[in-house]
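Novice: Pasting work01.cif here (mmCIF, C-alpha atoms):
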```cif
data_final
loop_
_atom_site.label_atom_id
_atom_site.label_comp_id
_atom_site.auth_asym_id
_atom_site.auth_seq_id
_atom_site.Cartn_x
_atom_site.Cartn_y
_atom_site.Cartn_z
CA MET M 10 6.56 10.54 -40.86
CA GLU M 11 4.31 12.04 -38.22
CA ILE M 12 2.77 9.77 -35.64
CA PRO M 13 -1.01 10.11 -35.95
CA TYR M 14 -3.43 10.95 -33.13
CA THR M 15 -0.88 12.24 -30.61
CA VAL M 16 -2.95 15.43 -30.30
CA GLN M 17 -6.04 15.05 -32.43
CA PRO M 18 -8.59 12.54 -31.15
CA ARG M 19 -9.42 9.55 -33.30
CA ALA M 20 -12.93 9.62 -34.74
CA ASP M 21 -13.84 6.17 -33.38
CA THR M 22 -12.54 6.45 -29.80
CA GLY M 23 -12.81 10.21 -29.39
CA LEU M 24 -9.40 10.16 -27.68
CA PHE M 25 -5.75 10.57 -28.59
CA ASN M 26 -4.03 7.19 -28.84
CA ALA M 27 -1.77 7.44 -25.80
CA LYS M 28 -4.78 7.89 -23.54
CA VAL M 29 -6.42 4.70 -24.77
CA GLY M 30 -3.02 3.02 -24.35
CA ILE M 31 -2.50 4.12 -20.75
CA TRP M 32 -6.02 3.04 -19.74
CA LEU M 33 -5.47 -0.40 -21.30
CA PHE M 34 -2.19 -0.59 -19.38
CA LEU M 35 -3.91 0.47 -16.14
CA ALA M 36 -6.55 -2.21 -16.75
CA SER M 37 -3.78 -4.82 -16.83
CA GLU M 38 -2.31 -3.29 -13.67
CA VAL M 39 -5.67 -3.64 -11.91
CA MET M 40 -5.56 -7.36 -12.69
CA LEU M 41 -1.95 -7.64 -11.49
CA PHE M 42 -2.66 -6.04 -8.13
CA GLY M 43 -6.06 -7.76 -8.03
CA ALA M 44 -4.33 -11.15 -8.26
CA LEU M 45 -2.05 -10.20 -5.37
CA PHE M 46 -4.97 -8.89 -3.30
CA SER M 47 -6.85 -12.15 -3.90
CA SER M 48 -3.70 -14.02 -2.78
CA TYR M 49 -3.69 -11.87 0.35
CA ILE M 50 -7.33 -12.76 1.05
CA LEU M 51 -6.67 -16.49 0.62
CA LEU M 52 -3.56 -16.39 2.80
CA ARG M 53 -5.30 -14.40 5.49
CA VAL M 54 -8.47 -16.48 5.78
CA GLY M 55 -6.35 -19.63 5.80
CA ALA M 56 -3.99 -18.40 8.53
CA SER M 57 -4.39 -19.57 12.11
CA SER M 58 -3.61 -16.04 13.30
CA TRP M 59 -2.71 -12.77 11.67
CA PRO M 60 -0.20 -10.31 13.16
CA HIS M 61 -1.38 -6.89 14.30
CA GLY M 62 0.56 -3.86 15.37
CA LEU M 63 3.86 -4.90 13.76
CA LEU M 64 3.92 -1.99 11.31
CA ASN M 65 4.37 1.65 12.23
CA VAL M 66 0.95 3.28 11.65
CA PRO M 67 2.10 6.94 12.03
CA ILE M 68 4.78 6.37 9.39
CA GLY M 69 2.28 4.65 7.11
CA THR M 70 -0.15 7.56 7.61
CA PHE M 71 2.60 10.03 6.77
CA ASN M 72 3.41 8.16 3.57
CA THR M 73 -0.28 8.13 2.63
CA ALA M 74 -0.40 11.92 3.06
CA VAL M 75 2.77 12.24 0.94
CA LEU M 76 1.22 10.28 -1.93
CA ILE M 77 -2.05 12.21 -1.72
CA THR M 78 -0.06 15.46 -1.83
CA SER M 79 1.84 14.19 -4.85
CA SER M 80 -1.48 13.48 -6.57
CA ILE M 81 -2.77 17.04 -6.15
CA THR M 82 0.55 18.52 -7.31
CA MET M 83 0.39 16.21 -10.34
CA VAL M 84 -3.09 17.50 -11.19
CA LEU M 85 -1.93 21.08 -10.71
CA ALA M 86 1.09 20.46 -12.98
CA TRP M 87 -1.26 19.30 -15.74
CA ALA M 88 -3.80 22.08 -15.06
CA ASN M 89 -1.15 24.81 -15.22
CA MET M 90 0.15 23.42 -18.50
CA LYS M 91 -3.40 23.46 -19.81
CA MET M 92 -3.77 27.09 -18.65
CA GLY M 93 -0.58 28.10 -20.44
CA ASN M 94 1.72 28.41 -17.44
CA PRO M 95 4.64 25.99 -18.05
CA PRO M 96 6.97 27.41 -15.33
CA LEU M 97 4.39 26.82 -12.58
CA SER M 98 3.60 23.42 -14.08
CA ARG M 99 7.29 22.56 -13.81
CA ILE M 100 7.36 23.54 -10.13
CA PHE M 101 4.37 21.32 -9.33
CA LEU M 102 5.89 18.48 -11.33
CA GLY M 103 9.12 18.88 -9.35
CA ILE M 104 7.20 18.71 -6.06
CA THR M 105 5.49 15.53 -7.29
CA VAL M 106 8.84 13.87 -7.98
CA LEU M 107 10.16 15.04 -4.59
CA CYS M 108 7.10 13.49 -2.92
CA GLY M 109 8.00 10.25 -4.71
CA PHE M 110 11.52 10.46 -3.26
CA ALA M 111 10.07 11.12 0.21
CA PHE M 112 7.74 8.14 -0.08
CA LEU M 113 10.51 5.78 -1.15
CA GLY M 114 12.88 7.17 1.50
CA VAL M 115 10.37 6.50 4.27
CA LYS M 116 9.62 3.06 2.81
CA THR M 117 13.33 2.22 2.80
CA LYS M 118 13.56 3.21 6.47
CA GLU M 119 10.55 1.03 7.24
CA TYR M 120 12.12 -1.93 5.44
CA TYR M 121 15.40 -1.40 7.27
CA ASP M 122 13.61 -1.36 10.64
CA LYS M 123 11.98 -4.70 9.82
CA PHE M 124 15.31 -6.24 8.84
CA VAL M 125 16.85 -5.37 12.23
CA HIS M 126 13.76 -6.25 14.31
CA TYR M 127 13.68 -9.84 15.61
CA GLU M 128 11.03 -12.13 17.03
CA VAL M 129 12.35 -14.61 19.56
CA ARG M 130 10.40 -17.62 20.92
CA LEU M 131 11.93 -19.09 24.03
CA VAL M 132 11.88 -22.67 25.22
CA ASP M 133 9.82 -21.66 28.29
CA GLY M 134 7.06 -20.24 26.07
CA THR M 135 7.96 -16.55 26.36
CA VAL M 136 7.82 -14.65 23.07
CA ALA M 137 9.58 -11.33 22.60
CA ASP M 138 10.48 -9.02 19.77
CA GLY M 139 12.87 -6.12 19.50
CA HIS M 140 16.35 -5.12 18.47
CA ILE M 141 19.39 -7.24 19.15
CA LYS M 142 21.94 -5.13 20.99
CA LYS M 143 24.79 -7.63 21.02
CA SER M 144 25.22 -11.08 19.57
CA PRO M 145 28.68 -12.45 20.43
CA ASP M 146 29.46 -15.70 18.56
CA PHE M 147 25.75 -16.14 17.83
CA SER M 148 24.95 -18.44 14.91
CA VAL M 149 21.62 -19.62 13.50
CA ARG M 150 20.67 -22.44 11.13
CA GLY M 151 17.30 -21.69 9.59
CA PHE M 152 15.26 -20.43 12.53
CA LYS M 153 17.13 -22.43 15.18
CA PRO M 154 20.10 -20.95 17.07
CA GLU M 155 23.20 -23.15 17.23
CA LYS M 156 25.57 -21.38 19.63
CA GLY M 157 26.39 -18.08 21.31
CA SER M 158 24.09 -15.60 23.01
CA ILE M 159 22.18 -12.37 22.32
CA VAL M 160 21.19 -9.28 24.26
CA LEU M 161 17.68 -8.27 23.19
CA GLU M 162 16.05 -4.89 23.78
CA PRO M 163 12.43 -6.01 23.68
CA ALA M 164 9.56 -3.89 22.37
CA ASN M 165 7.10 -6.64 23.34
CA VAL M 166 7.29 -9.53 25.79
CA LEU M 167 4.40 -11.97 26.21
CA HIS M 168 3.83 -15.27 27.98
CA ALA M 169 2.65 -17.72 25.35
CA ASN M 170 2.34 -21.44 25.06
CA PRO M 171 5.48 -23.25 23.91
CA GLY M 172 5.88 -22.98 20.14
CA GLU M 173 3.36 -20.17 19.74
CA SER M 174 4.26 -17.11 17.71
CA MET M 175 3.93 -13.48 18.78
CA ALA M 176 0.90 -13.24 16.45
CA ASP M 177 -0.77 -16.24 18.12
CA ALA M 178 -0.08 -14.78 21.56
CA MET M 179 -1.37 -11.33 20.60
CA ALA M 180 -4.50 -12.79 18.99
CA ARG M 181 -5.69 -13.98 22.39
CA LEU M 182 -5.34 -10.51 23.90
CA PRO M 183 -8.32 -8.11 23.90
CA ALA M 184 -8.31 -5.95 20.74
CA LYS M 185 -7.14 -2.77 22.50
CA GLU M 186 -4.16 -4.52 24.10
CA ARG M 187 -2.98 -6.04 20.83
CA TYR M 188 -1.64 -2.70 19.65
CA ALA M 189 -0.10 -1.63 22.96
CA HIS M 190 3.58 -2.34 23.47
CA HIS M 191 4.27 -4.76 26.31
CA HIS M 192 7.75 -3.63 27.22
CA GLY M 193 10.20 -5.77 29.10
CA GLU M 194 13.68 -5.38 30.49
CA GLU M 195 16.79 -6.13 28.49
CA MET M 196 17.08 -9.89 27.96
CA HIS M 197 20.35 -11.88 27.96
CA LEU M 198 19.58 -15.08 26.09
CA GLU M 199 21.75 -18.14 25.44
CA ALA M 200 21.24 -20.11 22.24
CA SER M 201 19.97 -23.05 24.28
CA GLN M 202 17.11 -20.90 25.67
CA ILE M 203 15.85 -19.95 22.20
CA ARG M 204 13.49 -22.23 20.31
CA TRP M 205 12.99 -20.00 17.23
CA ILE M 206 14.37 -16.68 16.01
CA SER M 207 13.80 -14.57 12.89
CA ASN M 208 13.89 -10.96 11.82
CA TYR M 209 10.77 -9.44 10.22
CA THR M 210 11.66 -10.38 6.65
CA PRO M 211 9.58 -12.36 4.12
CA LYS M 212 10.84 -15.67 5.59
CA HIS M 213 9.34 -14.74 9.01
CA SER M 214 5.71 -15.43 8.14
CA THR M 215 3.03 -15.38 5.48
CA TYR M 216 2.12 -11.88 6.64
CA PHE M 217 5.54 -10.42 5.98
CA ALA M 218 5.87 -12.38 2.72
CA ILE M 219 2.72 -10.76 1.31
CA TYR M 220 3.60 -7.40 2.92
CA PHE M 221 6.97 -7.22 1.16
CA THR M 222 5.51 -8.53 -2.11
CA LEU M 223 2.69 -5.98 -2.24
CA THR M 224 4.61 -2.96 -0.96
CA GLY M 225 7.72 -3.92 -2.97
CA LEU M 226 5.74 -4.09 -6.21
CA HIS M 227 4.03 -0.81 -5.32
CA ALA M 228 7.39 0.84 -4.58
CA LEU M 229 8.65 -0.32 -8.00
CA HIS M 230 5.65 1.42 -9.55
CA VAL M 231 6.43 4.61 -7.62
CA PHE M 232 10.02 4.40 -8.88
CA GLY M 233 8.84 3.84 -12.47
CA GLY M 234 6.46 6.79 -12.22
CA MET M 235 9.26 8.99 -10.89
CA ILE M 236 11.44 8.15 -13.90
CA VAL M 237 8.67 9.16 -16.31
CA LEU M 238 7.78 12.34 -14.40
CA SER M 239 11.45 13.32 -14.06
CA TYR M 240 11.80 12.97 -17.83
CA LEU M 241 8.77 15.23 -18.31
CA PHE M 242 10.19 17.66 -15.74
CA PHE M 243 13.33 18.16 -17.83
CA GLN M 244 11.36 18.14 -21.07
CA ASN M 245 9.26 21.06 -19.77
CA ARG M 246 11.95 23.56 -20.79
CA ALA M 247 12.94 21.80 -24.00
CA ALA M 248 11.98 23.10 -27.40
CA PHE M 249 9.55 20.21 -27.75
CA ALA M 250 7.33 21.50 -24.92
CA ARG M 251 7.38 25.04 -26.32
CA THR M 252 6.66 24.14 -29.91
CA GLN M 253 4.31 21.22 -29.34
CA THR M 254 2.65 22.34 -26.12
CA GLU M 255 -0.52 20.32 -26.55
CA ARG M 256 1.41 17.15 -27.26
CA TYR M 257 3.55 17.72 -24.16
CA THR M 258 0.40 18.38 -22.10
CA ASN M 259 -1.03 15.06 -23.29
CA ARG M 260 2.16 13.32 -22.17
CA LEU M 261 1.76 14.97 -18.78
CA GLU M 262 -1.83 13.77 -18.61
CA VAL M 263 -0.86 10.19 -19.42
CA GLY M 264 2.02 10.21 -16.90
CA GLY M 265 -0.36 11.71 -14.35
CA LEU M 266 -2.94 8.96 -14.86
CA PHE M 267 -0.28 6.37 -14.02
CA TRP M 268 0.78 8.36 -10.95
CA HIS M 269 -2.81 8.62 -9.68
CA PHE M 270 -3.20 4.87 -10.15
CA VAL M 271 -0.15 4.31 -7.92
CA ASP M 272 -1.82 6.54 -5.31
CA LEU M 273 -5.06 4.58 -5.73
CA VAL M 274 -3.33 1.27 -5.02
CA TRP M 275 -1.73 2.69 -1.87
CA ILE M 276 -5.15 3.88 -0.64
CA PHE M 277 -6.08 0.19 -0.35
CA LEU M 278 -2.67 -1.12 0.69
CA PHE M 279 -2.43 1.16 3.71
CA PRO M 280 -5.52 -0.05 5.61
CA VAL M 281 -5.17 -3.64 4.45
CA LEU M 282 -1.57 -4.05 5.63
CA TYR M 283 -1.23 -1.52 8.46
CA LEU M 284 -4.64 -1.35 10.09
CA LEU M 285 -6.58 -4.60 9.51
CA MET R 4 -10.65 15.21 -20.06
CA GLY R 5 -9.23 15.75 -23.53
CA ALA R 6 -12.10 18.09 -24.30
CA HIS R 7 -11.37 20.35 -21.32
CA THR R 8 -10.75 23.96 -22.27
CA HIS R 9 -8.51 26.39 -20.39
CA ASP R 10 -11.56 27.91 -18.69
CA ASP R 11 -12.89 24.49 -17.68
CA VAL R 12 -9.58 23.70 -16.03
CA ARG R 13 -9.48 27.04 -14.23
CA LYS R 14 -12.99 26.43 -12.87
CA HIS R 15 -11.99 22.99 -11.60
CA LEU R 16 -8.98 24.15 -9.57
CA LYS R 17 -11.04 24.70 -6.40
CA LEU R 18 -12.63 21.28 -6.87
CA TYR R 19 -9.18 19.63 -7.04
CA ILE R 20 -8.12 21.34 -3.82
CA GLY R 21 -11.39 20.24 -2.20
CA VAL R 22 -10.79 16.63 -3.24
CA PHE R 23 -7.24 16.83 -1.87
CA LEU R 24 -8.52 18.03 1.52
CA ALA R 25 -11.24 15.35 1.50
CA LEU R 26 -8.58 12.69 0.91
CA LEU R 27 -6.53 13.94 3.85
CA VAL R 28 -9.62 14.00 6.06
CA GLY R 29 -10.51 10.47 4.87
CA THR R 30 -7.05 9.26 5.86
CA ALA R 31 -7.37 10.89 9.29
CA ILE R 32 -10.80 9.28 9.81
CA THR R 33 -9.44 5.86 8.78
CA VAL R 34 -6.63 6.06 11.34
CA TYR R 35 -8.94 7.52 14.02
CA ALA R 36 -11.45 4.70 13.46
CA TRP R 37 -8.59 2.20 13.77
CA THR R 38 -7.78 3.52 17.28
CA TRP R 39 -11.22 2.34 18.43
CA HIS R 40 -9.98 -1.27 17.95
CA PHE R 41 -13.34 -2.96 17.36
CA GLU R 42 -13.53 -6.51 18.70
CA SER R 43 -15.35 -7.53 15.52
CA VAL R 44 -12.98 -8.08 12.58
CA ALA R 45 -15.93 -7.72 10.18
CA ILE R 46 -16.71 -4.19 11.44
CA THR R 47 -13.04 -3.18 11.30
CA ILE R 48 -12.72 -4.39 7.71
CA THR R 49 -16.03 -2.81 6.65
CA VAL R 50 -15.18 0.63 8.09
CA ALA R 51 -11.62 0.69 6.71
CA LEU R 52 -12.56 -0.51 3.22
CA PHE R 53 -15.64 1.74 3.04
CA ILE R 54 -13.48 4.83 3.62
CA ALA R 55 -10.83 3.48 1.23
CA CYS R 56 -13.51 3.04 -1.47
CA ILE R 57 -14.68 6.65 -1.02
CA LYS R 58 -11.09 7.89 -1.30
CA ALA R 59 -10.53 5.70 -4.38
CA PHE R 60 -13.71 7.14 -5.93
CA LEU R 61 -12.42 10.69 -5.34
CA VAL R 62 -9.02 9.96 -6.91
CA ALA R 63 -10.45 8.07 -9.88
CA GLY R 64 -13.45 10.35 -10.37
CA TYR R 65 -11.77 13.75 -10.10
CA PHE R 66 -7.98 13.44 -10.36
CA MET R 67 -8.24 10.82 -13.12
CA HIS R 68 -11.31 12.60 -14.52
CA LEU R 69 -13.46 9.48 -14.78
CA MET R 70 -16.52 11.57 -13.93
CA SER R 71 -16.42 13.05 -17.42
CA GLU R 72 -14.69 10.59 -19.70
CA ARG R 73 -15.32 9.11 -23.12
CA LYS R 74 -17.27 5.89 -23.61
CA THR R 75 -14.12 4.09 -24.79
CA ILE R 76 -12.55 4.48 -21.34
CA TYR R 77 -15.72 3.30 -19.61
CA ALA R 78 -15.82 0.26 -21.90
CA ILE R 79 -12.21 -0.61 -20.99
CA LEU R 80 -12.95 -0.22 -17.28
CA LEU R 81 -16.19 -2.18 -17.47
CA THR R 82 -14.27 -5.09 -18.97
CA THR R 83 -11.69 -4.76 -16.19
CA VAL R 84 -14.40 -4.74 -13.51
CA PHE R 85 -15.89 -7.91 -15.04
CA PHE R 86 -12.59 -9.80 -14.94
CA PHE R 87 -11.64 -8.40 -11.53
CA ALA R 88 -14.98 -9.55 -10.11
CA GLY R 89 -14.39 -12.97 -11.73
CA LEU R 90 -10.96 -13.14 -10.10
CA MET R 91 -12.40 -12.36 -6.69
CA TYR R 92 -15.22 -14.86 -7.25
CA LEU R 93 -12.62 -17.54 -8.05
CA THR R 94 -10.86 -16.65 -4.79
CA VAL R 95 -14.03 -17.26 -2.78
CA TRP R 96 -14.93 -20.31 -4.85
CA SER R 97 -11.51 -21.89 -4.32
CA ARG R 98 -12.03 -21.62 -0.59
CA GLU R 99 -15.40 -23.38 -0.82
CA GLU R 100 -14.18 -26.16 -3.11
CA MET R 101 -12.40 -28.24 -0.49
CA PRO R 102 -12.78 -31.94 0.37
CA ARG R 103 -15.70 -32.75 2.64
CA GLY R 104 -14.79 -32.46 6.29
CA THR R 105 -12.07 -29.82 5.82
CA THR R 106 -11.85 -27.50 8.80
CA TYR R 107 -10.29 -24.07 8.92
CA SER R 108 -8.32 -22.51 11.71
CA VAL R 109 -10.02 -19.31 12.77
CA GLY R 110 -7.53 -18.32 15.43
CA PRO R 111 -5.59 -19.75 18.30
CA ASN R 112 -7.20 -22.52 20.30
CA PRO R 113 -9.73 -20.77 22.61
CA SER R 114 -9.38 -23.56 25.14
CA LEU R 115 -5.83 -22.46 25.90
CA PRO R 116 -5.43 -20.21 28.96
CA GLN R 117 -5.63 -16.43 28.58
CA LEU R 118 -2.31 -14.66 28.35
CA GLY R 119 -0.71 -12.42 30.86
CA THR R 120 1.98 -9.90 30.11
CA HIS R 121 5.26 -9.27 31.84
#
```
How does this structure look as structure tokens?
Specialist:
Amino acid sequence: MEIPYTVQPRADTGLFNAKVGIWLFLASEVMLFGALFSSYILLRVGASSWPHGLLNVPIGTFNTAVLITSSITMVLAWANMKMGNPPLSRIFLGITVLCGFAFLGVKTKEYYDKFVHYEVRLVDGTVADGHIKKSPDFSVRGFKPEKGSIVLEPANVLHANPGESMADAMARLPAKERYAHHHGEEMHLEASQIRWISNYTPKHSTYFAIYFTLTGLHALHVFGGMIVLSYLFFQNRAAFARTQTERYTNRLEVGGLFWHFVDLVWIFLFPVLYLL
Amino acid sequence: MGAHTHDDVRKHLKLYIGVFLALLVGTAITVYAWTWHFESVAITITVALFIACIKAFLVAGYFMHLMSERKTIYAILLTTVFFFAGLMYLTVWSREEMPRGTTYSVGPNPSLPQLGTH
């Protein structure tokens, strides 16, 4: 039995069914990300201070450019299929998937950097963050060191008030200085000197919790989109695409709509998380 | 977009490239504006989200072809906008609906001394 309205538009909607389906799905996605954005707003306005300058803006900008590039190649893949040029469509589709790989690769590197980057609050009120070079016999319970020592290569060192976080300390600096690195010399720290220590993972703060939630969910969408587009990439040369070209083109259009939505979400995520 | 003919698509190719370049320029402007580091958070947020909205309009309007879609799609999106606005309204409302006398932290205590750096 043939599935109806895969090519021919329905009389009532004026569209083939998959297109109505993908827009309904995207509507639900808007609400999903909308709920998380509203959570972000509530968390941010309720926070005593909000970290700035902890994410790598050039890398975030590069990833934005990668996703924008993938959007235009996606459009060109669909357009070339529409114009009867499947081989060129396949090339553009391949570039789109490669852009997805590049985006996720860079994101993985960013995540890794956060997992090996530590904020340290000292008993004397100094706050520092950076990479731990050595940590002989160092052990931590929760956020409190128990024994041992660390050698920290600090990216930032600030004098704060005892118990204050790096974000609190930076918030009192003039705006221009918040984003500048305040380098310090290598620090040899005993466990007894450290009041609080954590890497930049979701447990670190509300900021990183919402950062990993939003970007993690977005990355899952990129991954999902790549699976669909990869499938269409291989289907491009299959008999199905040759014999039912219009149906294949519609599939490409629907997959493309999802991919553009993923790009759309990142357009808001980038300034909200990296710049504001 | 379903009604687009081969010729329509061919005519739109330059437009797609133009939108792509506009998106790249928009991204560059966003980052450049960020380097000004406004003291006012409100201005920073307004500038960044204004550019983001323009970029979102370009992606949705041209890449997703919302500029020339069927009424069914607009109806779906209008419903989404309604519920999304409601969601955001609830967010603001929930912040207002607090017991009398509740105070919010708006930043570190300004009475504390200014910081110095190493």
Novice: If we draw a sphere of 12 Å around (-11.9, -5.1, 17.8), which residues have at least one atom in it when counting only C-alpha atoms? Please report them as a PDB file with C-alpha atoms, in the frame of the given file.
Specialist:
```pdb
ATOM      1  CA  HIS M  61      -1.380  -6.890  14.300  1.00  0.00           C
ATOM      2  CA  ALA M 180      -4.500 -12.790  18.990  1.00  0.00           C
ATOM      3  CA  ARG M 181      -5.690 -13.980  22.390  1.00  0.00           C
ATOM      4  CA  LEU M 182      -5.340 -10.510  23.900  1.00  0.00           C
ATOM      5  CA  PRO M 183      -8.320  -8.110  23.900  1.00  0.00           C
ATOM      6  CA  ALA M 184      -8.310  -5.950  20.740  1.00  0.00           C
ATOM      7  CA  LYS M 185      -7.140  -2.770  22.500  1.00  0.00           C
ATOM      8  CA  GLU M 186      -4.160  -4.520  24.100  1.00  0.00           C
ATOM      9  CA  ARG M 187      -2.980  -6.040  20.830  1.00  0.00           C
ATOM     10  CA  TYR M 188      -1.640  -2.700  19.650  1.00  0.00           C
ATOM     11  CA  LEU M 284      -4.640  -1.350  10.090  1.00  0.00           C
ATOM     12  CA  LEU M 285      -6.580  -4.600   9.510  1.00  0.00           C
TER      13      LEU M 285
ATOM     14  CA  ALA R  36     -11.450   4.700  13.460  1.00  0.00           C
ATOM     15  CA  TRP R  37      -8.590   2.200  13.770  1.00  0.00           C
ATOM     16  CA  THR R  38      -7.780   3.520  17.280  1.00  0.00           C
ATOM     17  CA  TRP R  39     -11.220   2.340  18.430  1.00  0.00           C
ATOM     18  CA  HIS R  40      -9.980  -1.270  17.950  1.00  0.00           C
ATOM     19  CA  PHE R  41     -13.340  -2.960  17.360  1.00  0.00           C
ATOM     20  CA  GLU R  42     -13.530  -6.510  18.700  1.00  0.00           C
ATOM     21  CA  SER R  43     -15.350  -7.530  15.520  1.00  0.00           C
ATOM     22  CA  VAL R  44     -12.980  -8.080  12.580  1.00  0.00           C
ATOM     23  CA  ALA R  45     -15.930  -7.720  10.180  1.00  0.00           C
ATOM     24  CA  ILE R  46     -16.710  -4.190  11.440  1.00  0.00           C
ATOM     25  CA  THR R  47     -13.040  -3.180  11.300  1.00  0.00           C
ATOM     26  CA  ILE R  48     -12.720  -4.390   7.710  1.00  0.00           C
ATOM     27  CA  VAL R  50     -15.180   0.630   8.090  1.00  0.00           C
TER      28      VAL R  50
END
```
Novice: At a cut-off of 7 Å, list the chain M residues touching chain R, using only C-alpha atoms, as a ChimeraX atom specification.
Specialist: /M:22-24,32-33,36,40,43,47,51,55-58,74,77,81,84,88,91-92,166-169,177,181-182,184-185,191,193,266,269,273,276-277,280,284-285
Novice: Could you tell me how far CA of Val125 (chain M) lies from CA of Gly151 (chain M), in Å and to one decimal?
Specialist: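 Here the two named atoms are 16.5 Å from each other.
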Novice: Leaving out Ile104 (chain M) and any residue of its chain fewer than 6 positions from it, which residues lie within 10 Å of it when counting only C-alpha atoms, given as a PDB file with C-alpha atoms, in the coordinates of the input?
Specialist:
```
ATOM      1  CA  THR M  78      -0.060  15.460  -1.830  1.00  0.00           C
ATOM      2  CA  SER M  79       1.840  14.190  -4.850  1.00  0.00           C
ATOM      3  CA  THR M  82       0.550  18.520  -7.310  1.00  0.00           C
ATOM      4  CA  MET M  83       0.390  16.210 -10.340  1.00  0.00           C
ATOM      5  CA  ALA M  86       1.090  20.460 -12.980  1.00  0.00           C
ATOM      6  CA  SER M  98       3.600  23.420 -14.080  1.00  0.00           C
ATOM      7  CA  PHE M 110      11.520  10.460  -3.260  1.00  0.00           C
TER       8      PHE M 110
END
```
Novice: One decimal, in Å: what's the spacing between CA of Gly109 (chain M) and CA of Gly139 (chain M)?
Specialist: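 Taking CA of Gly109 (chain M) as the start and CA of Gly139 (chain M) as the end point, the length is 29.6 Å.
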Novice: Select, from M:Gly93, M:Glu199, M:Leu223, M:Ser207, the residue with the minimum atom-to-atom distance to Ser48 (chain M), counting all atoms listed in the file.
Specialist: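 When distances to Ser48 (chain M) are compared using all atoms listed in the file, the smallest one comes from M:Leu223.
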Novice: Quick check on the file I pasted: which residues fall under the PyMOL selection byres ((chain M and resi 175) around 9)? Write them as a PDB file with C-alpha atoms, in the frame of the given file.
Specialist:
```pdb
ATOM      1  CA  PRO M  60      -0.200 -10.310  13.160  1.00  0.00           C
ATOM      2  CA  GLU M 128      11.030 -12.130  17.030  1.00  0.00           C
ATOM      3  CA  VAL M 129      12.350 -14.610  19.560  1.00  0.00           C
ATOM      4  CA  ARG M 130      10.400 -17.620  20.920  1.00  0.00           C
ATOM      5  CA  VAL M 136       7.820 -14.650  23.070  1.00  0.00           C
ATOM      6  CA  ALA M 137       9.580 -11.330  22.600  1.00  0.00           C
ATOM      7  CA  ASP M 138      10.480  -9.020  19.770  1.00  0.00           C
ATOM      8  CA  ASN M 165       7.100  -6.640  23.340  1.00  0.00           C
ATOM      9  CA  VAL M 166       7.290  -9.530  25.790  1.00  0.00           C
ATOM     10  CA  LEU M 167       4.400 -11.970  26.210  1.00  0.00           C
ATOM     11  CA  ALA M 169       2.650 -17.720  25.350  1.00  0.00           C
ATOM     12  CA  GLU M 173       3.360 -20.170  19.740  1.00  0.00           C
ATOM     13  CA  SER M 174       4.260 -17.110  17.710  1.00  0.00           C
ATOM     14  CA  ALA M 176       0.900 -13.240  16.450  1.00  0.00           C
ATOM     15  CA  ASP M 177      -0.770 -16.240  18.120  1.00  0.00           C
ATOM     16  CA  ALA M 178      -0.080 -14.780  21.560  1.00  0.00           C
ATOM     17  CA  MET M 179      -1.370 -11.330  20.600  1.00  0.00           C
ATOM     18  CA  ALA M 180      -4.500 -12.790  18.990  1.00  0.00           C
TER      19      ALA M 180
END
```
